[in-house]
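The block underneath contains the structure these notes are about, expressed in structure tokens.
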Amino acid sequence: MLLSENQKKAVKSIYNAGPAALPAEVLRQIKAAIPDAEERFESVLEIGHRTPAFEDILRPLEQNIRELYALPEDFSITFLQGGSHTIFGMVPIGTRHLKDPQFVISGRWGVRAAADAERVRPIERVADTSEKRFPEYPDLGAGQFRKDAAYTYFVTNETVQGLQIHEPTWKSWGQTNLVADMSSDLLSYPVDFSPFQMAFACAQKNLGIAGVTVAITRDSFVENMEDKGLPEMFSLKKLAAAKSCYNTAPVFAVFVSRLVSDWVRSEFGSLAAVKKESEAKAKAIYDVVDSFPETFQACVKNKAQRSNINAVFRMRDQQTEKEFIELCRKQGMIGLRGHRSMGGVRVSMYNATRLAQVKVLASFMRDYAEKQS
Ligand SMILES: Cc1ncc(COP(=O)(O)O)c(C=O)c1O
């Protein structure tokens, strides 16, 4: 067996930042889709990507996302490989013939995307809070943006810092050329796509497993991309035109995304309902953090910018954090270590991690803090 006995121990909840927890129902469906060696049937691990069986997986997945977001007609959804990192390069390279894109850099993932973009073209940094180590989202007004930029790039939820912004912030910029990395908060609240040209996300947090990336694009934005001289796999325009099947699609990863998207619809019904639960989960954790400042210190001080998905906090010192994370692990609550560049404790609460589970962690944190005082 590939997993150690230790890893096979029963867990109550998985707080991994990504790849992250899957809904229990989806795990059951995955298991049912894989045949025993003795009892053969043509499984999803073995079908071609140009078959009706795959079409029946892919198109309803697309439709689920379209309906959950109520996407405007002129938007398309493309499933790609290469993770969000591939999109970091694809978008700037496809828009080299347009005026410099403008970047709002508010955390590690904005830094990475800007660095990749700069490898292929000049960009403008409207704001970059790296030097201060991203304490809060930059305060920006419409006057700081250009209307003629190829696009305005930002990250809705900085997974490492635990910093998240919402619609009123990006709408206040007055831009209609937004391109957002939504890797860690996809499908966790409704979005009005009218000011967007594109949003994208890797699947391994809120839409399945690693291996597939979703690009939600306005058709005119992609059709206007320039791909002369580019190998075809680097052209978002080509991949979007081929409707997610330019080359061999990651069939199994797409299958899992389909199951997760079905689950979101049947379990929550709407993204407004997902948002409600997401806010309640975050509140459960931050309430404890704020009640015991001697024990826990939230990394993001501005409450309006605290992520509903990744709550990041520190404790007295690294040793205390390590001990606390180990105590949680013994209780079956795993994956709480902060990102290696940030340290601290990170509670990642994607859709598959439910409010009831988070309440157990919150109450454990409360007991722990009470014993300290
Ligand atoms: C906000 C954000 N963007 C991009 C990425 C990178 O995704 P990938 O590893 O799929 O390229 C991550 C991964 O953690 C992320 O959280």
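Chain identifiers are assigned as A, B, and so on, following the order in which chains appear in the structure tokens; residues are numbered from 1 within each chain, and ligands are numbered from 1 in order of appearance.
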For the contact check between region 255-323 of chain A and region 208-212 of chain A, emit one row per residue of region 255-323 of chain A within 7 Å, containing the shortest atom pair and the distance in Å rounded to one decimal, counting only C-alpha atoms, chain then rising number order, as a Markdown table.
```
| residue | atom | partner | partner_atom | distance |
| --- | --- | --- | --- | --- |
| A:Val256 | CA | A:Gly208 | CA | 5.4 |
| A:Ser257 | CA | A:Gly208 | CA | 4.6 |
| A:Val260 | CA | A:Gly208 | CA | 6.1 |
```
Keeping only C-alpha atoms, take the residues you just selected and write them out as a CSV table (one decimal), in the first residue's frame.
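Produced file out-v5.csv, reproduced below:
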```csv
chain,number,residue,atom,x,y,z
A,256,VAL,CA,-14.3,14.4,-10.1
A,257,SER,CA,-15.0,18.1,-10.8
A,260,VAL,CA,-18.2,18.1,-6.9
```
- Considering only C-alpha atoms, return as a ChimeraX atom specification whatever protein or nucleic-acid residues lie within 10 Å of Met349 (chain A), sequence-local ones (same chain, fewer than 2 positions apart) excluded. /A:13-17,20-21,184-185,205-206,278,281-282,307-311,346-347,351-355,357-358
Which chain A residues have any atom within 10 Å of an atom of ligand 1, and for each, what is the nearest pair of atoms with distance in Å to one decimal, counting only C-alpha atoms and all ligand atoms, rows sorted by chain and number, as a tab-separated table?
```
residue	atom	partner	partner_atom_place_in_ligand_line	distance
A:Ala17	CA	ligand 1	14 (O)	7.0
A:Gly18	CA	ligand 1	14 (O)	6.1
A:Pro19	CA	ligand 1	14 (O)	8.2
A:Gln81	CA	ligand 1	10 (O)	8.8
A:Gly82	CA	ligand 1	11 (O)	6.6
A:Gly83	CA	ligand 1	10 (O)	3.3
A:Ser84	CA	ligand 1	11 (O)	3.8
A:His85	CA	ligand 1	11 (O)	3.8
A:Thr86	CA	ligand 1	11 (O)	6.6
A:Ile87	CA	ligand 1	11 (O)	8.2
A:Phe88	CA	ligand 1	4 (C)	8.4
A:Gly107	CA	ligand 1	1 (C)	8.9
A:Arg108	CA	ligand 1	1 (C)	8.2
A:Trp109	CA	ligand 1	3 (N)	5.1
A:Gly110	CA	ligand 1	3 (N)	7.8
A:Arg112	CA	ligand 1	4 (C)	8.3
A:Ala113	CA	ligand 1	4 (C)	8.1
A:Phe154	CA	ligand 1	1 (C)	9.7
A:Val155	CA	ligand 1	1 (C)	6.3
A:Thr156	CA	ligand 1	1 (C)	7.6
A:Asn157	CA	ligand 1	1 (C)	6.0
A:Glu158	CA	ligand 1	1 (C)	5.3
A:Thr159	CA	ligand 1	16 (O)	4.7
A:Val160	CA	ligand 1	16 (O)	7.0
A:Gln161	CA	ligand 1	16 (O)	9.9
A:Gly162	CA	ligand 1	16 (O)	10.0
A:Ala180	CA	ligand 1	1 (C)	9.4
A:Asp181	CA	ligand 1	3 (N)	6.0
A:Met182	CA	ligand 1	1 (C)	6.2
A:Ser183	CA	ligand 1	1 (C)	4.6
A:Ser184	CA	ligand 1	16 (O)	5.1
A:Asp185	CA	ligand 1	1 (C)	8.1
A:Leu186	CA	ligand 1	1 (C)	9.8
A:Phe200	CA	ligand 1	3 (N)	8.9
A:Ala201	CA	ligand 1	3 (N)	7.1
A:Cys202	CA	ligand 1	10 (O)	4.7
A:Ala203	CA	ligand 1	10 (O)	7.4
A:Gln204	CA	ligand 1	10 (O)	7.3
A:Lys205	CA	ligand 1	14 (O)	8.0
A:Ile209	CA	ligand 1	10 (O)	9.9
A:Ala210	CA	ligand 1	10 (O)	6.9
A:Gly211	CA	ligand 1	10 (O)	7.9
A:Val212	CA	ligand 1	10 (O)	8.1
A:Thr213	CA	ligand 1	10 (O)	7.0
A:Asn310	CA	ligand 1	16 (O)	9.8
A:His339	CA	ligand 1	14 (O)	9.6
```
- Pick from A:Leu207, A:Ala284, A:Ile325, A:Cys299: nearest to Val360 (chain A), with only C-alpha atoms counted? A:Ala284
- Tell me which of A:Phe134, A:Thr152, A:Ala362, A:Lys275 sits closest to Lys301 (chain A), counting only C-alpha atoms. A:Phe134
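Residues in contact range of Tyr69 (chain A), defined as at most 8 Å between only C-alpha atoms, with sequence neighbours fewer than 5 positions away removed, read Leu187, Pro190, Val191, Asp192 and Leu271 of chain A.
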- Message: Please extract the residues of region 227-271 of chain A with a backbone DSSP assignment of alpha helix (DSSP H) and present them as number ranges by chain.
- Response: A: 236-241, 251-268, 271
Would you export the selected residues with N, CA and C atoms as a PDB file, in the first residue's frame, please?
```
ATOM      1  N   LEU A 236      -4.392  30.151 -25.226  1.00  0.00           N
ATOM      2  CA  LEU A 236      -5.720  30.014 -24.608  1.00  0.00           C
ATOM      3  C   LEU A 236      -6.799  30.067 -25.688  1.00  0.00           C
ATOM      4  N   LYS A 237      -6.522  30.858 -26.717  1.00  0.00           N
ATOM      5  CA  LYS A 237      -7.477  31.005 -27.823  1.00  0.00           C
ATOM      6  C   LYS A 237      -7.737  29.639 -28.488  1.00  0.00           C
ATOM      7  N   LYS A 238      -6.646  28.906 -28.748  1.00  0.00           N
ATOM      8  CA  LYS A 238      -6.800  27.586 -29.395  1.00  0.00           C
ATOM      9  C   LYS A 238      -7.521  26.612 -28.458  1.00  0.00           C
ATOM     10  N   LEU A 239      -7.105  26.619 -27.195  1.00  0.00           N
ATOM     11  CA  LEU A 239      -7.681  25.652 -26.258  1.00  0.00           C
ATOM     12  C   LEU A 239      -9.168  25.939 -26.011  1.00  0.00           C
ATOM     13  N   ALA A 240      -9.516  27.213 -25.943  1.00  0.00           N
ATOM     14  CA  ALA A 240     -10.927  27.559 -25.729  1.00  0.00           C
ATOM     15  C   ALA A 240     -11.742  27.172 -26.965  1.00  0.00           C
ATOM     16  N   ALA A 241     -11.169  27.424 -28.159  1.00  0.00           N
ATOM     17  CA  ALA A 241     -11.899  27.085 -29.395  1.00  0.00           C
ATOM     18  C   ALA A 241     -12.120  25.571 -29.492  1.00  0.00           C
ATOM     19  N   VAL A 251      -9.248  13.182 -17.988  1.00  0.00           N
ATOM     20  CA  VAL A 251     -10.611  12.652 -17.877  1.00  0.00           C
ATOM     21  C   VAL A 251     -11.046  12.440 -16.423  1.00  0.00           C
ATOM     22  N   PHE A 252     -10.181  11.801 -15.654  1.00  0.00           N
ATOM     23  CA  PHE A 252     -10.589  11.473 -14.286  1.00  0.00           C
ATOM     24  C   PHE A 252     -10.754  12.740 -13.435  1.00  0.00           C
ATOM     25  N   ALA A 253      -9.829  13.675 -13.587  1.00  0.00           N
ATOM     26  CA  ALA A 253      -9.924  14.920 -12.806  1.00  0.00           C
ATOM     27  C   ALA A 253     -11.201  15.682 -13.183  1.00  0.00           C
ATOM     28  N   VAL A 254     -11.536  15.677 -14.467  1.00  0.00           N
ATOM     29  CA  VAL A 254     -12.771  16.341 -14.913  1.00  0.00           C
ATOM     30  C   VAL A 254     -13.986  15.624 -14.314  1.00  0.00           C
ATOM     31  N   PHE A 255     -13.902  14.300 -14.276  1.00  0.00           N
ATOM     32  CA  PHE A 255     -14.992  13.506 -13.682  1.00  0.00           C
ATOM     33  C   PHE A 255     -15.218  13.914 -12.220  1.00  0.00           C
ATOM     34  N   VAL A 256     -14.136  14.033 -11.469  1.00  0.00           N
ATOM     35  CA  VAL A 256     -14.281  14.410 -10.052  1.00  0.00           C
ATOM     36  C   VAL A 256     -14.873  15.822  -9.942  1.00  0.00           C
ATOM     37  N   SER A 257     -14.428  16.716 -10.804  1.00  0.00           N
ATOM     38  CA  SER A 257     -14.997  18.078 -10.785  1.00  0.00           C
ATOM     39  C   SER A 257     -16.489  18.042 -11.071  1.00  0.00           C
ATOM     40  N   ARG A 258     -16.867  17.190 -12.002  1.00  0.00           N
ATOM     41  CA  ARG A 258     -18.304  17.050 -12.312  1.00  0.00           C
ATOM     42  C   ARG A 258     -19.068  16.620 -11.044  1.00  0.00           C
ATOM     43  N   LEU A 259     -18.520  15.627 -10.346  1.00  0.00           N
ATOM     44  CA  LEU A 259     -19.200  15.146  -9.136  1.00  0.00           C
ATOM     45  C   LEU A 259     -19.287  16.259  -8.091  1.00  0.00           C
ATOM     46  N   VAL A 260     -18.190  16.991  -7.935  1.00  0.00           N
ATOM     47  CA  VAL A 260     -18.192  18.071  -6.931  1.00  0.00           C
ATOM     48  C   VAL A 260     -19.213  19.149  -7.318  1.00  0.00           C
ATOM     49  N   SER A 261     -19.275  19.472  -8.610  1.00  0.00           N
ATOM     50  CA  SER A 261     -20.221  20.520  -9.022  1.00  0.00           C
ATOM     51  C   SER A 261     -21.670  20.052  -8.829  1.00  0.00           C
ATOM     52  N   ASP A 262     -21.920  18.758  -9.085  1.00  0.00           N
ATOM     53  CA  ASP A 262     -23.275  18.212  -8.813  1.00  0.00           C
ATOM     54  C   ASP A 262     -23.581  18.334  -7.324  1.00  0.00           C
ATOM     55  N   TRP A 263     -22.553  18.024  -6.524  1.00  0.00           N
ATOM     56  CA  TRP A 263     -22.729  18.046  -5.056  1.00  0.00           C
ATOM     57  C   TRP A 263     -23.030  19.469  -4.578  1.00  0.00           C
ATOM     58  N   VAL A 264     -22.329  20.445  -5.119  1.00  0.00           N
ATOM     59  CA  VAL A 264     -22.583  21.838  -4.697  1.00  0.00           C
ATOM     60  C   VAL A 264     -24.043  22.190  -4.994  1.00  0.00           C
ATOM     61  N   ARG A 265     -24.506  21.771  -6.170  1.00  0.00           N
ATOM     62  CA  ARG A 265     -25.893  22.096  -6.531  1.00  0.00           C
ATOM     63  C   ARG A 265     -26.889  21.386  -5.624  1.00  0.00           C
ATOM     64  N   SER A 266     -26.641  20.094  -5.380  1.00  0.00           N
ATOM     65  CA  SER A 266     -27.649  19.367  -4.603  1.00  0.00           C
ATOM     66  C   SER A 266     -27.555  19.710  -3.119  1.00  0.00           C
ATOM     67  N   GLU A 267     -26.355  19.975  -2.632  1.00  0.00           N
ATOM     68  CA  GLU A 267     -26.179  20.218  -1.196  1.00  0.00           C
ATOM     69  C   GLU A 267     -26.553  21.649  -0.809  1.00  0.00           C
ATOM     70  N   PHE A 268     -26.183  22.601  -1.667  1.00  0.00           N
ATOM     71  CA  PHE A 268     -26.411  24.011  -1.316  1.00  0.00           C
ATOM     72  C   PHE A 268     -27.502  24.669  -2.173  1.00  0.00           C
ATOM     73  N   LEU A 271     -25.051  29.604  -4.876  1.00  0.00           N
ATOM     74  CA  LEU A 271     -23.811  30.131  -4.296  1.00  0.00           C
ATOM     75  C   LEU A 271     -24.108  31.080  -3.134  1.00  0.00           C
TER      76      LEU A 271
END
```
- Query: Could you name the residues that touch Ala304 (chain A) at 12 Å or less, counting only C-alpha atoms, but leaving out those on the same chain fewer than 4 positions away, as a list in words?
  - Reply: Glu136, Tyr137, Gly162, Leu163, Gln164, Ile165, His166, Pro168, Thr169, Glu279, Ala282, Lys283, Tyr286, Val300 and Asn308 of chain A
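Put simply, CA of Thr248 (chain A) is 8.4 Å away from CA of Arg50 (chain A).
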- Could you state the separation of CA of Ser244 (chain A) and CA of Phe79 (chain A) in Å, given to one decimal place?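 Separating CA of Ser244 (chain A) from CA of Phe79 (chain A) is a distance of 5.0 Å.
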- Within 10 Å of region 220-225 of chain A using only C-alpha atoms, minus same-chain residues under 4 positions, as a list of chain:residue names: A:Asp74, A:Phe75, A:Ser76, A:Met90, A:Val91, A:Pro92, A:Ile93, A:Gly94, A:Thr95, A:Arg96, A:His97, A:Leu98, A:Ala150, A:Tyr151, A:Asn177, A:Phe196, A:Gln197, A:Met198, A:Ser235, A:Leu236, A:Lys237, A:Lys238, A:Leu239, A:Ala240, A:Ala241
Write out the residues from the selection above, keeping N, CA and C atoms, as a PDB file, in the first residue's frame.
```pdb
ATOM      1  N   ASP A  74     -22.210  35.501 -23.251  1.00  0.00           N
ATOM      2  CA  ASP A  74     -20.962  35.623 -24.020  1.00  0.00           C
ATOM      3  C   ASP A  74     -19.733  35.166 -23.213  1.00  0.00           C
ATOM      4  N   PHE A  75     -19.960  34.347 -22.206  1.00  0.00           N
ATOM      5  CA  PHE A  75     -18.844  33.732 -21.476  1.00  0.00           C
ATOM      6  C   PHE A  75     -18.766  32.245 -21.809  1.00  0.00           C
ATOM      7  N   SER A  76     -17.530  31.736 -21.871  1.00  0.00           N
ATOM      8  CA  SER A  76     -17.337  30.294 -22.081  1.00  0.00           C
ATOM      9  C   SER A  76     -16.504  29.735 -20.934  1.00  0.00           C
ATOM     10  N   MET A  90      -0.236  32.233 -19.766  1.00  0.00           N
ATOM     11  CA  MET A  90      -1.060  32.248 -20.987  1.00  0.00           C
ATOM     12  C   MET A  90      -1.714  33.597 -21.268  1.00  0.00           C
ATOM     13  N   VAL A  91      -2.205  34.244 -20.212  1.00  0.00           N
ATOM     14  CA  VAL A  91      -2.961  35.478 -20.427  1.00  0.00           C
ATOM     15  C   VAL A  91      -2.027  36.621 -20.868  1.00  0.00           C
ATOM     16  N   PRO A  92      -0.912  36.851 -20.157  1.00  0.00           N
ATOM     17  CA  PRO A  92      -0.047  37.938 -20.640  1.00  0.00           C
ATOM     18  C   PRO A  92       0.560  37.658 -22.015  1.00  0.00           C
ATOM     19  N   ILE A  93       0.830  36.406 -22.307  1.00  0.00           N
ATOM     20  CA  ILE A  93       1.463  36.124 -23.603  1.00  0.00           C
ATOM     21  C   ILE A  93       0.460  36.308 -24.745  1.00  0.00           C
ATOM     22  N   GLY A  94      -0.789  36.023 -24.470  1.00  0.00           N
ATOM     23  CA  GLY A  94      -1.814  36.171 -25.510  1.00  0.00           C
ATOM     24  C   GLY A  94      -2.239  37.611 -25.732  1.00  0.00           C
ATOM     25  N   THR A  95      -1.817  38.506 -24.834  1.00  0.00           N
ATOM     26  CA  THR A  95      -2.251  39.911 -24.950  1.00  0.00           C
ATOM     27  C   THR A  95      -1.053  40.845 -25.149  1.00  0.00           C
ATOM     28  N   ARG A  96       0.034  40.308 -25.696  1.00  0.00           N
ATOM     29  CA  ARG A  96       1.238  41.136 -25.857  1.00  0.00           C
ATOM     30  C   ARG A  96       1.021  42.308 -26.811  1.00  0.00           C
ATOM     31  N   HIS A  97       0.030  42.168 -27.691  1.00  0.00           N
ATOM     32  CA  HIS A  97      -0.226  43.241 -28.654  1.00  0.00           C
ATOM     33  C   HIS A  97      -1.083  44.364 -28.049  1.00  0.00           C
ATOM     34  N   LEU A  98      -1.501  44.196 -26.807  1.00  0.00           N
ATOM     35  CA  LEU A  98      -2.359  45.208 -26.176  1.00  0.00           C
ATOM     36  C   LEU A  98      -1.559  46.022 -25.157  1.00  0.00           C
ATOM     37  N   ALA A 150      -4.705  46.240 -20.995  1.00  0.00           N
ATOM     38  CA  ALA A 150      -5.184  44.987 -21.603  1.00  0.00           C
ATOM     39  C   ALA A 150      -6.143  44.286 -20.643  1.00  0.00           C
ATOM     40  N   TYR A 151      -5.792  44.366 -19.361  1.00  0.00           N
ATOM     41  CA  TYR A 151      -6.668  43.816 -18.326  1.00  0.00           C
ATOM     42  C   TYR A 151      -6.165  44.269 -16.962  1.00  0.00           C
ATOM     43  N   ASN A 177     -12.394  45.417 -17.161  1.00  0.00           N
ATOM     44  CA  ASN A 177     -11.412  44.529 -17.816  1.00  0.00           C
ATOM     45  C   ASN A 177     -10.766  43.591 -16.790  1.00  0.00           C
ATOM     46  N   PHE A 196     -16.017  41.577 -15.607  1.00  0.00           N
ATOM     47  CA  PHE A 196     -14.907  40.632 -15.825  1.00  0.00           C
ATOM     48  C   PHE A 196     -14.658  40.319 -17.299  1.00  0.00           C
ATOM     49  N   GLN A 197     -13.386  40.068 -17.594  1.00  0.00           N
ATOM     50  CA  GLN A 197     -13.020  39.440 -18.864  1.00  0.00           C
ATOM     51  C   GLN A 197     -12.740  37.965 -18.624  1.00  0.00           C
ATOM     52  N   MET A 198     -12.302  37.675 -17.403  1.00  0.00           N
ATOM     53  CA  MET A 198     -11.898  36.299 -17.142  1.00  0.00           C
ATOM     54  C   MET A 198     -11.749  36.054 -15.640  1.00  0.00           C
ATOM     55  N   SER A 235      -1.632  28.556 -26.230  1.00  0.00           N
ATOM     56  CA  SER A 235      -2.621  29.516 -26.718  1.00  0.00           C
ATOM     57  C   SER A 235      -3.994  29.250 -26.101  1.00  0.00           C
ATOM     58  N   LEU A 236      -4.392  30.151 -25.226  1.00  0.00           N
ATOM     59  CA  LEU A 236      -5.720  30.014 -24.608  1.00  0.00           C
ATOM     60  C   LEU A 236      -6.799  30.067 -25.688  1.00  0.00           C
ATOM     61  N   LYS A 237      -6.522  30.858 -26.717  1.00  0.00           N
ATOM     62  CA  LYS A 237      -7.477  31.005 -27.823  1.00  0.00           C
ATOM     63  C   LYS A 237      -7.737  29.639 -28.488  1.00  0.00           C
ATOM     64  N   LYS A 238      -6.646  28.906 -28.748  1.00  0.00           N
ATOM     65  CA  LYS A 238      -6.800  27.586 -29.395  1.00  0.00           C
ATOM     66  C   LYS A 238      -7.521  26.612 -28.458  1.00  0.00           C
ATOM     67  N   LEU A 239      -7.105  26.619 -27.195  1.00  0.00           N
ATOM     68  CA  LEU A 239      -7.681  25.652 -26.258  1.00  0.00           C
ATOM     69  C   LEU A 239      -9.168  25.939 -26.011  1.00  0.00           C
ATOM     70  N   ALA A 240      -9.516  27.213 -25.943  1.00  0.00           N
ATOM     71  CA  ALA A 240     -10.927  27.559 -25.729  1.00  0.00           C
ATOM     72  C   ALA A 240     -11.742  27.172 -26.965  1.00  0.00           C
ATOM     73  N   ALA A 241     -11.169  27.424 -28.159  1.00  0.00           N
ATOM     74  CA  ALA A 241     -11.899  27.085 -29.395  1.00  0.00           C
ATOM     75  C   ALA A 241     -12.120  25.571 -29.492  1.00  0.00           C
TER      76      ALA A 241
END
```
- Item | Proximity to Arg121 (chain A) - best of A:Pro135, A:Gly335, A:Pro101, A:Gly141, only C-alpha atoms | A:Pro101
- Message: Restricting the calculation to only C-alpha atoms: of A:Thr176, A:Val345, A:Arg314, A:Ala369, which residue gets closest to Glu326 (chain A)?
- Response: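 Of all the options, A:Val345 lies closest to Glu326 (chain A).
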